[in-house]
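Undergrad: As input, take query05.txt (compact mmCIF, C-alpha atoms and all ligand atoms):
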```
# COMPACT_ATOMS: atom_id res chain seq x y z
CA MET A 1 -225.97 71.03 -8.81
CA ILE A 2 -222.39 70.85 -7.63
CA ASP A 3 -220.05 73.54 -8.98
CA TRP A 4 -216.50 73.29 -10.30
CA PRO A 5 -214.63 74.50 -7.16
CA GLN A 6 -216.60 71.98 -5.06
CA SER A 7 -215.77 69.22 -7.51
CA LEU A 8 -212.07 70.11 -7.18
CA ASN A 9 -212.06 70.46 -3.37
CA LEU A 10 -213.83 67.14 -2.91
CA CYS A 11 -211.25 65.29 -4.98
CA ARG A 12 -208.16 66.80 -3.24
CA PRO A 13 -208.13 64.47 -0.20
CA LEU A 14 -208.13 61.48 -2.55
CA MET A 15 -205.14 62.68 -4.47
CA HIS A 16 -202.25 61.24 -2.43
CA GLN A 17 -201.62 58.60 -5.04
CA PRO A 18 -198.43 57.59 -6.74
CA TYR A 19 -198.60 58.22 -10.49
CA VAL A 20 -201.45 60.75 -10.25
CA SER A 21 -201.38 64.54 -10.09
CA LEU A 22 -203.93 67.31 -10.44
CA ARG A 23 -203.50 69.56 -13.43
CA GLN A 24 -205.39 72.76 -14.19
CA ILE A 25 -205.71 73.34 -17.94
CA ASP A 26 -207.29 76.73 -18.62
CA GLU A 27 -210.68 76.53 -16.82
CA LEU A 28 -210.72 72.79 -16.13
CA VAL A 29 -209.19 70.46 -13.59
CA CYS A 30 -207.78 67.17 -14.86
CA LEU A 31 -206.14 64.09 -13.40
CA GLN A 32 -202.76 63.52 -15.00
CA ILE A 33 -201.71 59.87 -14.86
CA ASP A 34 -198.08 58.92 -15.43
CA HIS A 35 -197.87 55.20 -14.71
CA PRO A 36 -195.12 52.87 -16.01
CA LYS A 37 -197.83 51.08 -18.04
CA ALA A 38 -199.59 54.13 -19.54
CA ARG A 39 -200.01 57.87 -19.59
CA ALA A 40 -203.51 59.35 -19.42
CA LEU A 41 -205.45 62.53 -18.77
CA VAL A 42 -208.98 62.62 -17.37
CA ALA A 43 -211.07 65.81 -17.04
CA LEU A 44 -213.41 66.01 -14.05
CA GLN A 45 -215.79 67.80 -16.39
CA GLY A 46 -217.76 65.15 -18.23
CA ALA A 47 -215.61 62.40 -16.60
CA GLN A 48 -213.92 62.60 -19.97
CA LEU A 49 -210.81 60.57 -20.65
CA LEU A 50 -208.70 62.80 -22.91
CA GLU A 51 -205.48 60.89 -23.41
CA TYR A 52 -204.50 57.24 -23.24
CA THR A 53 -201.03 56.23 -24.38
CA PRO A 54 -199.73 52.81 -23.37
CA ALA A 55 -195.97 52.75 -22.63
CA GLY A 56 -193.89 52.67 -25.80
CA ALA A 57 -196.92 53.09 -28.10
CA GLN A 58 -198.44 55.84 -30.20
CA PRO A 59 -201.44 57.55 -28.55
CA VAL A 60 -204.51 55.33 -28.76
CA ILE A 61 -207.01 58.12 -28.07
CA TRP A 62 -207.07 61.33 -30.12
CA LEU A 63 -207.42 64.80 -28.61
CA SER A 64 -207.81 67.81 -30.89
CA GLU A 65 -204.86 70.22 -30.98
CA GLN A 66 -207.54 72.92 -30.85
CA ALA A 67 -209.32 71.41 -27.84
CA GLU A 68 -210.66 74.11 -25.51
CA PHE A 69 -210.76 73.49 -21.77
CA LYS A 70 -213.78 75.63 -20.91
CA ARG A 71 -216.45 75.15 -18.28
CA GLY A 72 -219.77 73.94 -19.61
CA GLN A 73 -218.40 73.04 -23.05
CA SER A 74 -217.56 69.54 -24.26
CA ILE A 75 -213.91 69.02 -25.19
CA ARG A 76 -213.24 67.84 -28.76
CA GLY A 77 -211.62 64.41 -28.55
CA GLY A 78 -211.02 61.76 -25.91
CA ILE A 79 -214.04 59.73 -24.83
CA PRO A 80 -217.05 61.98 -24.14
CA ILE A 81 -219.90 60.25 -22.31
CA CYS A 82 -223.24 60.57 -24.16
CA TRP A 83 -226.18 59.94 -21.84
CA PRO A 84 -229.22 59.61 -21.47
CA TRP A 85 -229.61 60.13 -25.20
CA PHE A 86 -227.30 59.95 -28.17
CA GLY A 87 -226.86 62.66 -30.82
CA ASP A 88 -229.95 64.71 -31.65
CA ALA A 89 -232.49 63.92 -28.92
CA ARG A 90 -235.33 64.12 -31.45
CA LYS A 91 -233.81 61.32 -33.54
CA ASN A 92 -233.93 58.93 -30.58
CA PRO A 93 -236.65 56.28 -30.20
CA GLU A 94 -240.04 57.49 -28.90
CA THR A 95 -239.47 55.65 -25.62
CA VAL A 96 -236.27 57.66 -24.98
CA GLN A 97 -237.86 60.95 -26.10
CA ALA A 98 -240.79 60.37 -23.74
CA MET A 99 -238.31 60.68 -20.84
CA LEU A 100 -237.11 64.11 -21.98
CA PRO A 101 -238.42 67.66 -21.56
CA GLU A 102 -239.77 69.64 -24.51
CA GLY A 103 -237.69 72.31 -26.21
CA ASN A 104 -234.06 72.51 -27.23
CA LEU A 105 -231.79 69.83 -25.88
CA PRO A 106 -228.00 69.66 -26.31
CA ALA A 107 -226.51 67.01 -28.61
CA HIS A 108 -225.39 63.83 -26.84
CA GLY A 109 -227.13 64.35 -23.51
CA TRP A 110 -226.77 66.17 -20.21
CA VAL A 111 -223.57 64.93 -18.64
CA ARG A 112 -220.62 65.50 -20.97
CA SER A 113 -220.17 69.17 -20.09
CA LYS A 114 -220.96 69.04 -16.35
CA PRO A 115 -218.58 68.54 -13.39
CA TRP A 116 -218.36 65.00 -11.99
CA LEU A 117 -217.00 63.93 -8.60
CA LEU A 118 -214.00 61.73 -8.02
CA ASP A 119 -215.37 59.00 -5.75
CA ARG A 120 -212.29 56.80 -5.41
CA ILE A 121 -208.86 56.33 -6.89
CA SER A 122 -206.15 53.75 -6.33
CA SER A 123 -203.05 52.52 -8.07
CA ASP A 124 -201.01 49.32 -8.23
CA ASP A 125 -198.43 47.73 -10.49
CA ASN A 126 -201.08 47.19 -13.16
CA GLY A 127 -202.28 50.76 -13.41
CA VAL A 128 -204.54 53.43 -11.95
CA HIS A 129 -208.16 52.66 -11.13
CA LEU A 130 -210.76 55.35 -10.51
CA LYS A 131 -214.44 55.95 -10.16
CA LEU A 132 -216.27 59.19 -10.95
CA CYS A 133 -219.91 59.82 -10.05
CA PHE A 134 -222.33 62.24 -11.60
CA PRO A 135 -223.27 64.21 -8.48
CA GLU A 136 -226.92 64.81 -9.34
CA THR A 137 -229.90 62.47 -9.23
CA GLN A 138 -232.54 65.19 -9.75
CA TRP A 139 -233.28 65.46 -13.46
CA PRO A 140 -235.49 67.75 -15.56
CA ALA A 141 -239.06 66.32 -15.65
CA PRO A 142 -240.37 64.03 -17.03
CA PHE A 143 -237.04 62.19 -16.57
CA PRO A 144 -237.47 60.10 -13.41
CA GLN A 145 -235.83 61.34 -10.20
CA GLY A 146 -233.23 59.23 -8.43
CA VAL A 147 -231.38 57.81 -11.41
CA GLU A 148 -227.66 57.42 -10.59
CA LEU A 149 -224.78 57.50 -13.04
CA SER A 150 -221.12 56.63 -12.48
CA VAL A 151 -218.09 55.58 -14.48
CA GLU A 152 -215.14 53.36 -13.57
CA MET A 153 -211.86 53.47 -15.45
CA SER A 154 -208.85 51.22 -15.21
CA ILE A 155 -205.83 52.67 -16.96
CA GLY A 156 -202.85 50.38 -17.58
CA GLU A 157 -201.57 48.15 -20.36
CA GLU A 158 -205.20 48.16 -21.52
CA LEU A 159 -207.97 50.67 -20.92
CA ASN A 160 -211.22 49.59 -19.29
CA ILE A 161 -214.24 51.86 -18.98
CA ALA A 162 -217.59 50.90 -17.44
CA LEU A 163 -220.57 53.28 -17.42
CA LEU A 164 -223.13 52.30 -14.78
CA THR A 165 -226.75 53.52 -14.82
CA GLU A 166 -228.79 52.61 -11.73
CA ASN A 167 -232.52 53.18 -11.85
CA LYS A 168 -233.38 54.02 -8.23
CA SER A 169 -236.60 55.74 -9.27
CA ASP A 170 -240.08 54.23 -9.19
CA GLN A 171 -240.55 54.47 -12.98
CA THR A 172 -239.26 52.51 -15.94
CA LEU A 173 -236.36 54.31 -17.58
CA ASN A 174 -235.47 54.35 -21.29
CA ILE A 175 -232.05 55.59 -22.33
CA SER A 176 -229.60 55.54 -25.18
CA GLN A 177 -225.91 56.01 -24.46
CA ALA A 178 -222.43 55.99 -25.94
CA LEU A 179 -218.76 56.06 -25.02
CA HIS A 180 -217.89 58.39 -27.89
CA SER A 181 -214.32 57.21 -28.43
CA TYR A 182 -212.08 59.24 -30.73
CA PHE A 183 -209.24 56.92 -31.77
CA ALA A 184 -205.89 58.19 -32.99
CA VAL A 185 -204.79 56.88 -36.39
CA SER A 186 -201.64 57.48 -38.45
CA ASP A 187 -203.80 58.69 -41.33
CA VAL A 188 -207.42 57.67 -41.72
CA ILE A 189 -206.75 56.45 -45.27
CA HIS A 190 -204.39 53.83 -43.78
CA ALA A 191 -206.98 52.59 -41.29
CA SER A 192 -209.71 50.01 -41.72
CA ILE A 193 -212.37 48.69 -39.38
CA ASN A 194 -212.79 44.93 -39.19
CA ASN A 195 -215.58 42.83 -37.73
CA LEU A 196 -218.41 45.03 -39.03
CA ILE A 197 -218.67 43.27 -42.37
CA HIS A 198 -222.24 41.98 -42.86
CA VAL A 199 -223.50 43.98 -39.85
CA PRO A 200 -226.47 46.20 -40.87
CA PHE A 201 -226.03 49.92 -40.32
CA ILE A 202 -228.11 53.06 -40.54
CA ASP A 203 -226.45 55.60 -42.79
CA THR A 204 -227.38 58.95 -41.23
CA LEU A 205 -225.94 60.74 -44.29
CA ASN A 206 -228.26 58.85 -46.65
CA ASP A 207 -231.73 59.56 -45.20
CA TRP A 208 -231.11 57.10 -42.36
CA ASN A 209 -231.43 54.20 -44.78
CA GLU A 210 -230.24 50.77 -43.77
CA ASN A 211 -227.22 49.33 -45.55
CA ILE A 212 -224.62 46.58 -45.18
CA ASP A 213 -220.89 46.25 -46.04
CA GLN A 214 -219.31 43.30 -47.83
CA ALA A 215 -215.71 44.27 -46.98
CA PRO A 216 -213.75 45.89 -44.12
CA ILE A 217 -214.64 49.56 -43.79
CA CYS A 218 -212.18 52.02 -45.26
CA ILE A 219 -212.91 55.72 -44.84
CA SER A 220 -212.82 57.75 -48.05
CA GLY A 221 -215.45 60.42 -47.38
CA GLU A 222 -217.72 61.76 -44.65
CA THR A 223 -218.98 58.79 -42.65
CA ASP A 224 -221.67 58.76 -39.96
CA ARG A 225 -223.15 55.31 -39.35
CA ILE A 226 -224.98 53.53 -36.58
CA TYR A 227 -224.34 49.78 -36.58
CA LYS A 228 -226.96 47.59 -34.94
CA ASN A 229 -226.50 44.31 -33.08
CA THR A 230 -222.73 44.56 -33.20
CA PRO A 231 -220.17 41.83 -32.39
CA GLU A 232 -218.30 41.80 -29.09
CA MET A 233 -215.02 42.86 -30.72
CA ILE A 234 -214.35 45.55 -33.31
CA CYS A 235 -210.84 46.14 -34.55
CA ILE A 236 -209.16 49.19 -36.09
CA VAL A 237 -206.22 48.08 -38.25
CA ASP A 238 -203.64 50.80 -38.88
CA SER A 239 -201.29 49.71 -41.63
CA LYS A 240 -198.89 52.66 -41.24
CA TRP A 241 -198.44 52.44 -37.47
CA ASN A 242 -198.43 48.62 -37.73
CA ARG A 243 -200.97 48.14 -35.03
CA GLU A 244 -204.46 46.98 -34.24
CA ILE A 245 -206.69 48.62 -31.69
CA GLN A 246 -209.05 45.96 -30.38
CA ILE A 247 -212.25 47.30 -28.88
CA TYR A 248 -214.08 44.70 -26.79
CA SER A 249 -217.52 45.74 -25.60
CA LYS A 250 -219.87 44.23 -23.09
CA ASP A 251 -223.57 44.98 -22.88
CA SER A 252 -223.22 47.22 -25.91
CA GLN A 253 -225.23 46.31 -28.99
CA SER A 254 -224.53 49.31 -31.22
CA ALA A 255 -221.46 51.03 -32.61
CA VAL A 256 -221.20 54.46 -34.18
CA VAL A 257 -218.54 55.03 -36.83
CA TRP A 258 -217.86 58.68 -37.54
CA ASN A 259 -215.36 60.72 -39.50
CA PRO A 260 -216.30 64.25 -40.64
CA TRP A 261 -213.93 64.28 -43.65
CA ILE A 262 -213.04 67.54 -45.42
CA GLU A 263 -216.16 69.75 -45.59
CA LYS A 264 -217.71 68.95 -42.20
CA ALA A 265 -214.26 69.31 -40.57
CA LYS A 266 -214.29 72.98 -41.62
CA ARG A 267 -217.57 73.52 -39.73
CA LEU A 268 -216.69 71.68 -36.51
CA SER A 269 -215.71 73.51 -33.34
CA GLN A 270 -212.26 72.88 -31.80
CA PHE A 271 -211.18 71.05 -34.94
CA GLU A 272 -208.30 71.92 -37.23
CA SER A 273 -209.46 71.52 -40.84
CA SER A 274 -207.05 68.66 -41.66
CA ALA A 275 -207.53 66.88 -38.31
CA TYR A 276 -210.07 64.46 -39.84
CA LYS A 277 -207.01 62.52 -41.07
CA GLN A 278 -205.78 61.79 -37.54
CA MET A 279 -208.99 60.54 -35.91
CA LEU A 280 -211.64 57.89 -36.31
CA CYS A 281 -214.58 57.52 -33.94
CA VAL A 282 -215.73 53.99 -33.18
CA GLU A 283 -218.21 54.43 -30.37
CA THR A 284 -219.38 51.76 -27.94
CA ALA A 285 -223.09 52.37 -27.65
CA ASN A 286 -226.69 51.34 -27.15
CA VAL A 287 -228.76 53.47 -29.52
CA LEU A 288 -231.84 53.32 -31.78
CA ASN A 289 -233.54 49.93 -31.39
CA ASN A 290 -230.70 48.89 -29.03
CA CYS A 291 -231.64 51.57 -26.49
CA LYS A 292 -232.17 50.23 -22.96
CA GLU A 293 -235.31 49.85 -20.91
CA LEU A 294 -234.54 49.69 -17.20
CA PRO A 295 -237.36 48.82 -14.76
CA PRO A 296 -237.22 50.36 -11.27
CA GLY A 297 -234.45 48.79 -9.20
CA SER A 298 -232.44 47.63 -12.21
CA GLY A 299 -229.18 48.85 -13.73
CA TRP A 300 -227.07 48.62 -16.86
CA VAL A 301 -223.29 48.61 -17.27
CA LEU A 302 -221.96 49.60 -20.68
CA GLN A 303 -218.34 48.46 -20.89
CA THR A 304 -215.42 48.79 -23.22
CA ASN A 305 -211.94 47.33 -23.10
CA ILE A 306 -209.42 48.91 -25.45
CA ALA A 307 -206.15 47.11 -26.25
CA ASN A 308 -203.30 48.20 -28.48
CA HIS A 309 -201.40 45.44 -30.34
CA SER A 310 -198.40 45.80 -32.61
CA THR A 311 -198.74 43.88 -35.87
CA PRO A 312 -196.24 42.85 -38.52
CA PRO A 313 -196.19 45.30 -41.45
CA ILE A 314 -199.50 44.92 -43.31
CA ALA A 315 -200.85 46.00 -46.66
CA ASN A 316 -202.52 49.39 -46.92
CA CYS A 317 -206.28 49.66 -46.83
O1 LIG A 401 -219.96 67.85 -32.36
P1 LIG A 401 -220.54 66.81 -31.41
O2 LIG A 401 -221.86 67.22 -30.79
O3 LIG A 401 -219.53 66.39 -30.38
O4 LIG A 401 -220.86 65.53 -32.30
C1 LIG A 401 -219.88 64.99 -33.10
C2 LIG A 401 -220.42 63.80 -33.88
O5 LIG A 401 -220.70 62.77 -32.97
C3 LIG A 401 -221.02 61.53 -33.61
O6 LIG A 401 -221.23 60.56 -32.64
C4 LIG A 401 -222.28 61.70 -34.43
O7 LIG A 401 -222.57 60.47 -35.08
C5 LIG A 401 -222.07 62.82 -35.43
O8 LIG A 401 -223.29 63.02 -36.14
C6 LIG A 401 -221.66 64.10 -34.71
O9 LIG A 401 -221.39 65.11 -35.68
```
Could you express the structure from this file as structure tokens?
Ligand SMILES: O=P(O)(O)OC[C@H]1O[C@@H](O)[C@H](O)[C@@H](O)[C@@H]1O
TA:
Amino acid sequence: MIDWPQSLNLCRPLMHQPYVSLRQIDELVCLQIDHPKARALVALQGAQLLEYTPAGAQPVIWLSEQAEFKRGQSIRGGIPICWPWFGDARKNPETVQAMLPEGNLPAHGWVRSKPWLLDRISSDDNGVHLKLCFPETQWPAPFPQGVELSVEMSIGEELNIALLTENKSDQTLNISQALHSYFAVSDVIHASINNLIHVPFIDTLNDWNENIDQAPICISGETDRIYKNTPEMICIVDSKWNREIQIYSKDSQSAVVWNPWIEKAKRLSQFESSAYKQMLCVETANVLNNCKELPPGSGWVLQTNIANHSTPPIANC
């Protein structure tokens, strides 16, 4: 396994880029992007995008004010990458669990708290484009050896993220995955989520029962839902900031909607107790019965495109 100093040294020669600088925050190295179209911050650990603010706009992605930049620990906020399982490994489908070792496994997979390698970076008038690779293809048995993972980001007027899994092993691979996006909102009570009306969801706070909404989702309590067979576009309408965040996904068939609300917020790490008001997770995913089976030689690209649009003043949720 590659270590943090190696990860940093290997990215230095690539760093002669306009708009990009290296920034050490406590124990972690990040890429600071200051482009005329957007500002962003990306940690090499976890290949985690931590900030995305298009020019002239409010931040689109939320990062906790109590975020800790420590080695081996996921940072609260941004877009953590959950792979090759989502959430509690033991709640994943049998086919995914069969790929995993026995014993305790961390929530949300193996890669969000490990160093990644910057593979390439470039910039142009439209933004900054980069690729990070997970440097390891040897996985704990029985997970097949040779599986490769990388992520491409394009940061400009819009944000594009593509997570690529390539099965270069000789076995069929089963994974679940998520781009665990924490969106910034003016106040969660002024936000609603459109396009998930009539889409069935599993309510993990109600014995994992299936349910369905008849109206746009407004958050008024702890919410932790897995939507199945989701539409291509999901929209967060923020009536106080007069904007819509449009989340287009490709080759994603699930979405996770999460807000811890008051009581769970008190128990979360790196989370100020009132911070639940400023964030709303809408995660681009393939989980539960939408997990992916990849035969040897195949791959899967989970993609999201995030666009910020101003709207005329709109009624509150
Ligand atoms: O604290 P973690 O491991 O980053 O997870 C945060 C949340 O992540 C969400 O995706 C899950 O649906 C929640 O159940 C979980 O609490």
Undergrad: Quick one: contact table of chain A to ligand LIG 401 (chain A), 9 Å max, nearest atom pair and distance in Å to one decimal per residue, counting only C-alpha atoms and all ligand atoms, chain and number order, as a Markdown table?
TA:
```
| residue | atom | partner | partner_atom | distance |
| --- | --- | --- | --- | --- |
| A:Ser74 | CA | A:LIG401 | O3 | 7.2 |
| A:Ile75 | CA | A:LIG401 | O3 | 8.1 |
| A:Arg76 | CA | A:LIG401 | O3 | 6.7 |
| A:Gly77 | CA | A:LIG401 | O3 | 8.4 |
| A:Pro80 | CA | A:LIG401 | O3 | 8.0 |
| A:Cys82 | CA | A:LIG401 | O6 | 8.7 |
| A:Phe86 | CA | A:LIG401 | O6 | 7.6 |
| A:Gly87 | CA | A:LIG401 | C4 | 5.9 |
| A:Asp88 | CA | A:LIG401 | O8 | 8.2 |
| A:Pro106 | CA | A:LIG401 | O2 | 8.0 |
| A:Ala107 | CA | A:LIG401 | O2 | 5.1 |
| A:His108 | CA | A:LIG401 | O2 | 6.3 |
| A:Ala178 | CA | A:LIG401 | O6 | 8.2 |
| A:His180 | CA | A:LIG401 | O6 | 6.2 |
| A:Ser181 | CA | A:LIG401 | O6 | 8.8 |
| A:Thr204 | CA | A:LIG401 | O8 | 7.7 |
| A:Leu205 | CA | A:LIG401 | O8 | 8.9 |
| A:Thr223 | CA | A:LIG401 | O7 | 8.5 |
| A:Asp224 | CA | A:LIG401 | O7 | 5.2 |
| A:Arg225 | CA | A:LIG401 | O7 | 6.7 |
| A:Ile226 | CA | A:LIG401 | O7 | 7.5 |
| A:Val256 | CA | A:LIG401 | O7 | 6.2 |
| A:Val257 | CA | A:LIG401 | O7 | 7.0 |
| A:Trp258 | CA | A:LIG401 | O7 | 5.6 |
| A:Asn259 | CA | A:LIG401 | C5 | 8.1 |
| A:Pro260 | CA | A:LIG401 | O9 | 7.2 |
| A:Lys264 | CA | A:LIG401 | O9 | 8.4 |
| A:Leu268 | CA | A:LIG401 | O1 | 6.5 |
| A:Ser269 | CA | A:LIG401 | O1 | 7.1 |
| A:Cys281 | CA | A:LIG401 | O6 | 7.4 |
| A:Val282 | CA | A:LIG401 | O6 | 8.6 |
| A:Glu283 | CA | A:LIG401 | O6 | 7.2 |
```
Undergrad: Pick from A:Ser220, A:Gln66, A:Thr230, A:Asn286: nearest to Tyr248 (chain A), with all atoms listed in the file counted?
TA: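 Among A:Ser220, A:Gln66, A:Thr230, A:Asn286, it is A:Thr230 that comes nearest to Tyr248 (chain A).
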Undergrad: Please determine, counting all atoms listed in the file, which residue among A:Ser169, A:Asn194, A:Thr284, A:Asn174 has the shortest atom-to-atom distance to Ile306 (chain A).
TA: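 Answer, going by the shortest atom-to-atom distance: A:Thr284.
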Undergrad: Can you work out the spacing between CA of Val188 (chain A) and CA of Trp241 (chain A) in Å, to one decimal?
TA: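 Computing the Euclidean distance for CA of Val188 (chain A) and CA of Trp241 (chain A) yields 11.2 Å.
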Undergrad: Taking the point (-206.5, 62.0, -34.7) as given in the file, collect each protein or nucleic acid residue that comes within 10 Å of it, counting only C-alpha atoms, and present the set as a list in words.
TA: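 All residues meeting the 10 Å criterion around (-206.5, 62.0, -34.7) are Pro59, Val60, Ile61, Trp62, Leu63, Ser64, Glu65, Gly77, Gly78, Tyr182, Phe183, Ala184, Val185, Ser186, Asp187, Val188, Ser274, Ala275, Tyr276, Lys277, Gln278, Met279, Leu280 and Cys281 of chain A.
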Undergrad: Output as a short mmCIF file (atom, residue, chain, number, x, y, z; two decimals), in the coordinates of the input: region 159-167 of chain A, completed with all heavy atoms.
TA:
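New file result_38.cif:
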```cif
data_model
loop_
_atom_site.label_atom_id
_atom_site.label_comp_id
_atom_site.auth_asym_id
_atom_site.auth_seq_id
_atom_site.Cartn_x
_atom_site.Cartn_y
_atom_site.Cartn_z
N LEU A 159 -207.07 49.68 -21.51
CA LEU A 159 -207.97 50.67 -20.92
C LEU A 159 -209.34 50.04 -20.76
O LEU A 159 -209.89 49.49 -21.73
CB LEU A 159 -208.06 51.88 -21.85
CG LEU A 159 -209.12 52.93 -21.53
CD1 LEU A 159 -208.77 53.67 -20.23
CD2 LEU A 159 -209.23 53.95 -22.67
N ASN A 160 -209.87 50.10 -19.54
CA ASN A 160 -211.22 49.59 -19.29
C ASN A 160 -212.11 50.73 -18.84
O ASN A 160 -211.72 51.47 -17.92
CB ASN A 160 -211.20 48.55 -18.16
CG ASN A 160 -210.76 47.22 -18.67
OD1 ASN A 160 -211.50 46.56 -19.39
ND2 ASN A 160 -209.53 46.85 -18.35
N ILE A 161 -213.28 50.84 -19.42
CA ILE A 161 -214.24 51.86 -18.98
C ILE A 161 -215.60 51.20 -18.82
O ILE A 161 -216.04 50.44 -19.70
CB ILE A 161 -214.34 53.03 -19.98
CG1 ILE A 161 -212.97 53.67 -20.16
CG2 ILE A 161 -215.36 54.06 -19.52
CD1 ILE A 161 -212.96 54.95 -20.96
N ALA A 162 -216.25 51.45 -17.68
CA ALA A 162 -217.59 50.90 -17.44
C ALA A 162 -218.51 52.04 -17.00
O ALA A 162 -218.21 52.74 -16.03
CB ALA A 162 -217.52 49.83 -16.35
N LEU A 163 -219.60 52.23 -17.73
CA LEU A 163 -220.57 53.28 -17.42
C LEU A 163 -221.79 52.62 -16.79
O LEU A 163 -222.46 51.80 -17.42
CB LEU A 163 -220.97 54.02 -18.70
CG LEU A 163 -221.97 55.15 -18.53
CD1 LEU A 163 -221.34 56.33 -17.78
CD2 LEU A 163 -222.48 55.63 -19.89
N LEU A 164 -222.06 52.97 -15.54
CA LEU A 164 -223.13 52.30 -14.78
C LEU A 164 -224.33 53.23 -14.58
O LEU A 164 -224.19 54.33 -14.02
CB LEU A 164 -222.57 51.87 -13.42
CG LEU A 164 -223.57 51.36 -12.39
CD1 LEU A 164 -224.28 50.10 -12.86
CD2 LEU A 164 -222.87 51.09 -11.05
N THR A 165 -225.49 52.80 -15.05
CA THR A 165 -226.75 53.52 -14.82
C THR A 165 -227.55 52.71 -13.81
O THR A 165 -227.78 51.51 -14.02
CB THR A 165 -227.57 53.62 -16.12
OG1 THR A 165 -226.78 54.26 -17.11
CG2 THR A 165 -228.85 54.42 -15.91
N GLU A 166 -227.97 53.32 -12.71
CA GLU A 166 -228.79 52.61 -11.73
C GLU A 166 -230.13 53.32 -11.61
O GLU A 166 -230.19 54.51 -11.25
CB GLU A 166 -228.09 52.60 -10.37
CG GLU A 166 -226.84 51.73 -10.37
CD GLU A 166 -226.08 51.89 -9.06
OE1 GLU A 166 -225.29 52.86 -8.96
OE2 GLU A 166 -226.28 51.07 -8.16
N ASN A 167 -231.19 52.59 -11.92
CA ASN A 167 -232.52 53.18 -11.85
C ASN A 167 -233.08 53.04 -10.43
O ASN A 167 -233.71 52.03 -10.10
CB ASN A 167 -233.45 52.55 -12.88
CG ASN A 167 -234.80 53.25 -12.89
OD1 ASN A 167 -234.99 54.27 -12.20
ND2 ASN A 167 -235.74 52.71 -13.64
#
```
